[in-house]
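Heads up: the structure comes next, in structure tokens.
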There are 2 protein chains.
Amino acid sequence: MQVNIPLQNDLIIRAAKGEKTERTPVWLMRQAGRILPEYRAVREKMGGFKELVKSPEFACEVTIQPVDILGVDAAIIFSDILVIPEAMGLNYEMVESKGPWFEKTIKSRSDIDALIIAQADDLSYVTDAIKLTKSALNGRVPLIGFAGAPWTIFAYMIEGKGSKTFSLAKKFLYTNPVESHLLLDKITQSTINYLKAQVLAGADMIQIFDSWAGILSPEQYAQFSLKYIDAICNAITELPVTVFAKGAFFARKEMGALNCATIGLDWNMEIKESRLLIGPNKTLQGNMDPCLLYADFKTIKKETEEMLKLFGPHKHIANLGHGVYPDIEKDKVRCFVDTVKEFRF
Amino acid sequence: MQVNIPLQNDLIIRAAKGEKTERTPVWLMRQAGRILPEYRAVREKMGGFKELVKSPEFACEVTIQPVDILGVDAAIIFSDILVIPEAMGLNYEMVESKGPWFEKTIKSRSDIDALIIAQADDLSYVTDAIKLTKSALNGRVPLIGFAGAPWTIFAYMIEGKGSKTFSLAKKFLYTNPVESHLLLDKITQSTINYLKAQVLAGADMIQIFDSWAGILSPEQYAQFSLKYIDAICNAITELPVTVFAKGAFFARKEMGALNCATIGLDWNMEIKESRLLIGPNKTLQGNMDPCLLYADFKTIKKETEEMLKLFGPHKHIANLGHGVYPDIEKDKVRCFVDTVKEFRF
């Protein structure tokens with residue numbers, strides 16, 4: 001078990017719980033990654049993305065880098081949402097500049113039956129990385145654990161790789177609705193086991209990424225995605241959970257009813273409208289256009305301050321509306337982070 | 001000049017004008033294309049996509065195929081939105097199973113200055129195809145002309161190819177706003193010249209495709225896209241114009257104020273909500289999930305009827321919420337078309 005070291009900076013936890021904070025906390029999706037030369041150096045040494053994910057020591061090192069270098073208010077464990085399909089029996093490769101690739105995909109009921117439900121032990125390399133990182137962070141900032149939403153994991157398991165339309169995955173929903181629910185249920189059970197293990201290992205918050213939410217119709221989203229996110233939220237009540245469903249503008253009202261602390265917004269979602277739809281009880285996270293960080297420092301500062309004003313002083317965790325793009329300059333990211341940290345209402 | 005042959009089936013024109021129609025008209029985006037074996041046969045003979053686009057005879061042949069084979073209520077001229085950048089001075093190739101690729105892209109003010117404003121003559125192969133098709137259709141159904149929205153064309157001219165994020169194009173907006181407007185203005189002028197020529201050649205309706213609307217923030221969309229679509233709508237008043245901005249859910253209210261007849265909806269946009277946001281005056285087009293056509297006939301029929309009921313009996317043109325996917329079976333498309341044509345309120 002994890003020794004409980006008190007957090008020196010718990011802004012993000014308090015913001016997630018809806019408590020008033022002295023300033024808005026800030027972190028970035030994909031902050032541990034290619035934007036940092038220090039990350040690229042470690043990765044070169046290791047040879048590949050998956051080796052990095054599977055080595056707790058290196059995952060710990062790159063997880064802490066943005067805390068040191070960017071001054072963010074939280075660390076997020078360096079890992080990948082696709083560790084779940086792998087633990088369930090579908091191995092994947094991360095192909096340089098192409099993305100994930102699965103040798104075997106799910107095509108039938110028997111493929112689904114052959115999958116196991118992942119247990120904590122199957123992902124001990126992640127929980128080991130969390131333990132190590134918690135110990136190395138020594139309470140400086142909270143550590144965020146995460147998983148993909150079942151629909152997004154399902155989409156990769158059927159499609160076998162990234163896709164603009166995920167039409168194979170959507171075809172499976174239309175042609176095999178019963179089997180789809182079986183698979184989504186197995187993924188959900190695996191994800192709950194995995195997140196419970198992350199909580200036990202010492203994670204302070206959890207984020208669920210529904211990266212491919214936006215390709216489903218509102219009806220399909222309710223049926224094949226939100227239902228399973230809801231089950232996860234109801235299972236993980238030990239600590240604050242954030243749900244980030246990219247593109248699911250149509251489900252904002254329903255997301256307001258989830259048993260979670262925070263809803264992530266992408267940069268297409270208007271802030272005031274989102275607050276109205278989601279209601280007053282949730283903390284909101286986001287939602288700067290990641291491309292703003294290509295602009296000059298003055299523009300970044302101005303737009304970031306505008307965003308902070310629109311969200312208001314409380315129940316907001318500043319972030320981009322998507323993962324930071326790998327070719328953004330580190331100093332531009334720092335400008336975003338510093339602007340949030342210096343701003344006072 | 002075109003001889004005016006009276007239309008035998010003008011359902012879609014009347015629906016666009018807001019007139020009551022005896023049934024809902026139907027067509028599909030990308031109906032002239034790879035879903036039809038007859039199209040694939042012609043294309044094999046011709047050797048490539050661009051040869052087909054540049055040959056009025058073959059463009060005419062494949063434009064009429066879906067009228068004969070699928071029984072749709074309109075033909076749409078077989079062409080490509082990227083003929084505009086080419087006419088302005090940026091040549092492109094259509095790479096098999098990869099998409100468009102530009103040898104030269106726009107990087108600076110001098111690149112923009114070097115572009116010409118396209119005139120009708122620069123695109124005579126398209127207007128010739130329209131004349132030929134109008135004559136061959138002999139009034140059976142209306143012929144739709146089209147162009148890309150300036151922002152979408154801009155995105156390809158900067159990026160040089162398709163992209164998930166179009167981050168180069170968005171970077172250009174943030175780092176070169178003045179030059180961005182110069183380029184958008186040149187594209188808009190070219191597009192107006194091009195569409196005026198399509199009208200003169202005999203097109204009965206015009207559709208503007210803003211395929212990459214959904215990657216801009218609401219503020220950037222208003223500034224860098226909607227403004228130019230508005231200019232086009234104000235210039236093309238001779239016949240009904242449809243604006244289809246994929247992913248621009250956040251701009252539906254503003255689209256209700258455009259000087260156009262019809263607004264296209266994608267399948268993420270809820271029908272009742274869209275009607276409320278856009279207002280009662282526009283005709284709406286869409287918006288079935290293209291993946292529905294992977295389902296069985298019974299499901300296609302049921303879901304299509306549900307959609308028709310949600311739109312109501314008037315001011316609706318049935319379509320998918322995106323171009324039909326190339327691997328959809330022809331009979332499934334026919335089922336969608338026939339369901340619309342047989343349905344009575």
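For the structure tokens, the naming scheme is as follows: chains receive sequential letters (A, B, ...) according to their order of presentation, residues are indexed from 1 within each chain, and ligands are indexed from 1 in presentation order.
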
At a cut-off of 9 Å, using only C-alpha atoms, what residues contact Pro280 (chain A)? Leave out same-chain residues fewer than 5 positions from it and give the result as a count of residues only. 3

Could you work out which residues of chain A fall inside 8 Å of chain B? Count only C-alpha atoms, and format the result as an MDAnalysis selection string. chainID A and resid 164 167 170:171 174:175 214:218 250 267:270 289 291:292 294:296

Selection above as a file: N, CA and C atoms, as a PDB file, in the first residue's frame:
```pdb
ATOM      1  N   LYS A 164     -10.379   8.139 -39.807  1.00  0.00           N
ATOM      2  CA  LYS A 164     -11.094   9.408 -39.813  1.00  0.00           C
ATOM      3  C   LYS A 164     -12.568   9.179 -39.481  1.00  0.00           C
ATOM      4  N   SER A 167     -15.432   3.758 -39.547  1.00  0.00           N
ATOM      5  CA  SER A 167     -16.656   3.198 -40.123  1.00  0.00           C
ATOM      6  C   SER A 167     -16.777   1.696 -39.870  1.00  0.00           C
ATOM      7  N   LYS A 170     -18.263   1.569 -36.385  1.00  0.00           N
ATOM      8  CA  LYS A 170     -19.669   1.980 -36.400  1.00  0.00           C
ATOM      9  C   LYS A 170     -20.532   0.944 -37.124  1.00  0.00           C
ATOM     10  N   LYS A 171     -19.979   0.341 -38.154  1.00  0.00           N
ATOM     11  CA  LYS A 171     -20.691  -0.735 -38.854  1.00  0.00           C
ATOM     12  C   LYS A 171     -21.006  -1.877 -37.884  1.00  0.00           C
ATOM     13  N   TYR A 174     -24.002  -1.140 -35.811  1.00  0.00           N
ATOM     14  CA  TYR A 174     -25.268  -1.277 -36.539  1.00  0.00           C
ATOM     15  C   TYR A 174     -25.592  -2.734 -36.862  1.00  0.00           C
ATOM     16  N   THR A 175     -24.553  -3.525 -37.146  1.00  0.00           N
ATOM     17  CA  THR A 175     -24.824  -4.889 -37.612  1.00  0.00           C
ATOM     18  C   THR A 175     -24.802  -5.907 -36.471  1.00  0.00           C
ATOM     19  N   GLY A 214     -17.108  11.994 -30.809  1.00  0.00           N
ATOM     20  CA  GLY A 214     -17.725  12.881 -31.790  1.00  0.00           C
ATOM     21  C   GLY A 214     -18.122  12.243 -33.102  1.00  0.00           C
ATOM     22  N   ILE A 215     -17.820  10.961 -33.289  1.00  0.00           N
ATOM     23  CA  ILE A 215     -18.234  10.362 -34.560  1.00  0.00           C
ATOM     24  C   ILE A 215     -19.555   9.601 -34.437  1.00  0.00           C
ATOM     25  N   LEU A 216     -20.092   9.520 -33.227  1.00  0.00           N
ATOM     26  CA  LEU A 216     -21.372   8.828 -33.041  1.00  0.00           C
ATOM     27  C   LEU A 216     -22.530   9.822 -33.110  1.00  0.00           C
ATOM     28  N   SER A 217     -23.675   9.334 -33.560  1.00  0.00           N
ATOM     29  CA  SER A 217     -24.884  10.151 -33.505  1.00  0.00           C
ATOM     30  C   SER A 217     -25.300  10.267 -32.037  1.00  0.00           C
ATOM     31  N   PRO A 218     -26.085  11.283 -31.697  1.00  0.00           N
ATOM     32  CA  PRO A 218     -26.505  11.444 -30.300  1.00  0.00           C
ATOM     33  C   PRO A 218     -27.157  10.175 -29.736  1.00  0.00           C
ATOM     34  N   PHE A 250     -23.273  17.320 -28.243  1.00  0.00           N
ATOM     35  CA  PHE A 250     -24.707  16.993 -28.192  1.00  0.00           C
ATOM     36  C   PHE A 250     -25.094  16.296 -26.895  1.00  0.00           C
ATOM     37  N   TRP A 267     -12.382  22.657 -27.713  1.00  0.00           N
ATOM     38  CA  TRP A 267     -12.363  24.089 -28.056  1.00  0.00           C
ATOM     39  C   TRP A 267     -13.520  24.519 -28.976  1.00  0.00           C
ATOM     40  N   ASN A 268     -14.303  23.547 -29.440  1.00  0.00           N
ATOM     41  CA  ASN A 268     -15.501  23.885 -30.217  1.00  0.00           C
ATOM     42  C   ASN A 268     -16.665  24.265 -29.317  1.00  0.00           C
ATOM     43  N   MET A 269     -16.569  23.868 -28.049  1.00  0.00           N
ATOM     44  CA  MET A 269     -17.723  24.038 -27.148  1.00  0.00           C
ATOM     45  C   MET A 269     -17.655  25.407 -26.476  1.00  0.00           C
ATOM     46  N   GLU A 270     -18.659  26.210 -26.725  1.00  0.00           N
ATOM     47  CA  GLU A 270     -18.688  27.535 -26.106  1.00  0.00           C
ATOM     48  C   GLU A 270     -18.831  27.388 -24.593  1.00  0.00           C
ATOM     49  N   ASP A 289      -8.148  26.262 -27.744  1.00  0.00           N
ATOM     50  CA  ASP A 289      -7.741  25.669 -29.023  1.00  0.00           C
ATOM     51  C   ASP A 289      -6.239  25.349 -28.965  1.00  0.00           C
ATOM     52  N   CYS A 291      -4.170  25.015 -31.136  1.00  0.00           N
ATOM     53  CA  CYS A 291      -3.418  25.796 -32.130  1.00  0.00           C
ATOM     54  C   CYS A 291      -3.119  27.214 -31.659  1.00  0.00           C
ATOM     55  N   LEU A 292      -3.783  27.675 -30.599  1.00  0.00           N
ATOM     56  CA  LEU A 292      -3.441  29.008 -30.075  1.00  0.00           C
ATOM     57  C   LEU A 292      -1.957  29.057 -29.718  1.00  0.00           C
ATOM     58  N   TYR A 294       0.487  28.194 -31.237  1.00  0.00           N
ATOM     59  CA  TYR A 294       1.347  28.589 -32.367  1.00  0.00           C
ATOM     60  C   TYR A 294       1.475  30.114 -32.452  1.00  0.00           C
ATOM     61  N   ALA A 295       0.572  30.828 -31.772  1.00  0.00           N
ATOM     62  CA  ALA A 295       0.547  32.299 -31.888  1.00  0.00           C
ATOM     63  C   ALA A 295       1.707  32.920 -31.110  1.00  0.00           C
ATOM     64  N   ASP A 296       1.835  34.257 -31.170  1.00  0.00           N
ATOM     65  CA  ASP A 296       2.891  34.936 -30.402  1.00  0.00           C
ATOM     66  C   ASP A 296       2.483  35.012 -28.928  1.00  0.00           C
TER      67      ASP A 296
END
```

So which residues touch region 39-52 of chain B within 10 Å, counting only C-alpha atoms, skipping near sequence neighbours fewer than 3 positions away, as an MDAnalysis selection string? chainID B and resid 32:36 55:63 65:66 78:80 83 92:96

In terms of the shortest atom-to-atom distance over only C-alpha atoms, which of A:Lys134, A:His316, A:Arg140, A:Lys272 is closest to Asn4 (chain A)?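 Closest residue, counting only C-alpha atoms: A:Lys134.
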
Residues near Ile192 (chain B), anyone? I mean within 9 Å using only C-alpha atoms, not counting same-chain ones fewer than 2 positions away, as a list in words. Ile187, Thr188, Gln189, Ser190, Tyr194, Leu195, Lys196, Ala197, Ala231, Ile232, Ala235 and Ile236 of chain B

Which of region 23-250 of chain A end up as alpha helix (DSSP H) when DSSP is run on this backbone - answer as a PyMOL selection string? chain A and resi 37-46+49-54+56-69+83-88+109-114+124-137+150-159+167-175+177-201+218-221+227-235

For CA of Ile153 (chain B) and CA of Gly321 (chain A), the interatomic separation in Å (one decimal): 24.5 Å

By how many Å are CA of Val340 (chain B) and CA of Ile317 (chain B) apart?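 One can read the CA of Val340 (chain B) to CA of Ile317 (chain B) distance as 9.8 Å.
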
Select, from A:Gly148, A:Pro25, A:Gly202, A:Gly99, the residue with the minimum atom-to-atom distance to Arg344 (chain A), counting only C-alpha atoms. A:Pro25

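When only C-alpha atoms are used to compute distances to Ile263 (chain A), the closest of the residues A:Phe209, A:Tyr228, A:Tyr125, A:Phe102 turns out to be A:Phe209.
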
Write out as a ChimeraX atom specification which residues come within 9 Å of Leu123 (chain A) when counting only C-alpha atoms, dropping same-chain ones fewer than 3 positions away. /A:83-84,87,118-120,126-128,194,197

Could you write out the selected residues, including C-alpha atoms, as a PDB file, in the first residue's frame?
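Output file out21.pdb follows:
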```pdb
ATOM      1  CA  VAL A  83      -2.981  -0.920 -22.580  1.00  0.00           C
ATOM      2  CA  ILE A  84      -6.533  -2.160 -21.888  1.00  0.00           C
ATOM      3  CA  ALA A  87      -4.371  -6.691 -21.304  1.00  0.00           C
ATOM      4  CA  ALA A 118      -8.300  -7.524 -17.428  1.00  0.00           C
ATOM      5  CA  GLN A 119      -7.342  -7.685 -13.761  1.00  0.00           C
ATOM      6  CA  ALA A 120      -5.085  -5.360 -11.789  1.00  0.00           C
ATOM      7  CA  VAL A 126       1.147   0.900 -14.838  1.00  0.00           C
ATOM      8  CA  THR A 127       0.366   0.605 -11.151  1.00  0.00           C
ATOM      9  CA  ASP A 128       4.091   0.203 -10.423  1.00  0.00           C
ATOM     10  CA  TYR A 194      -7.765  -1.103 -13.938  1.00  0.00           C
ATOM     11  CA  ALA A 197      -5.900  -0.536  -9.168  1.00  0.00           C
TER      12      ALA A 197
END
```

From CA of Thr191 (chain A) to CA of Thr152 (chain A) the spacing works out at 12.0 Å

Quick check for you: according to DSSP on this backbone, which residues of region 17-112 of chain A are classed as strand (DSSP E or B)? Reply as a PyMOL selection string. chain A and resi 26+75-76+92-95+99-102
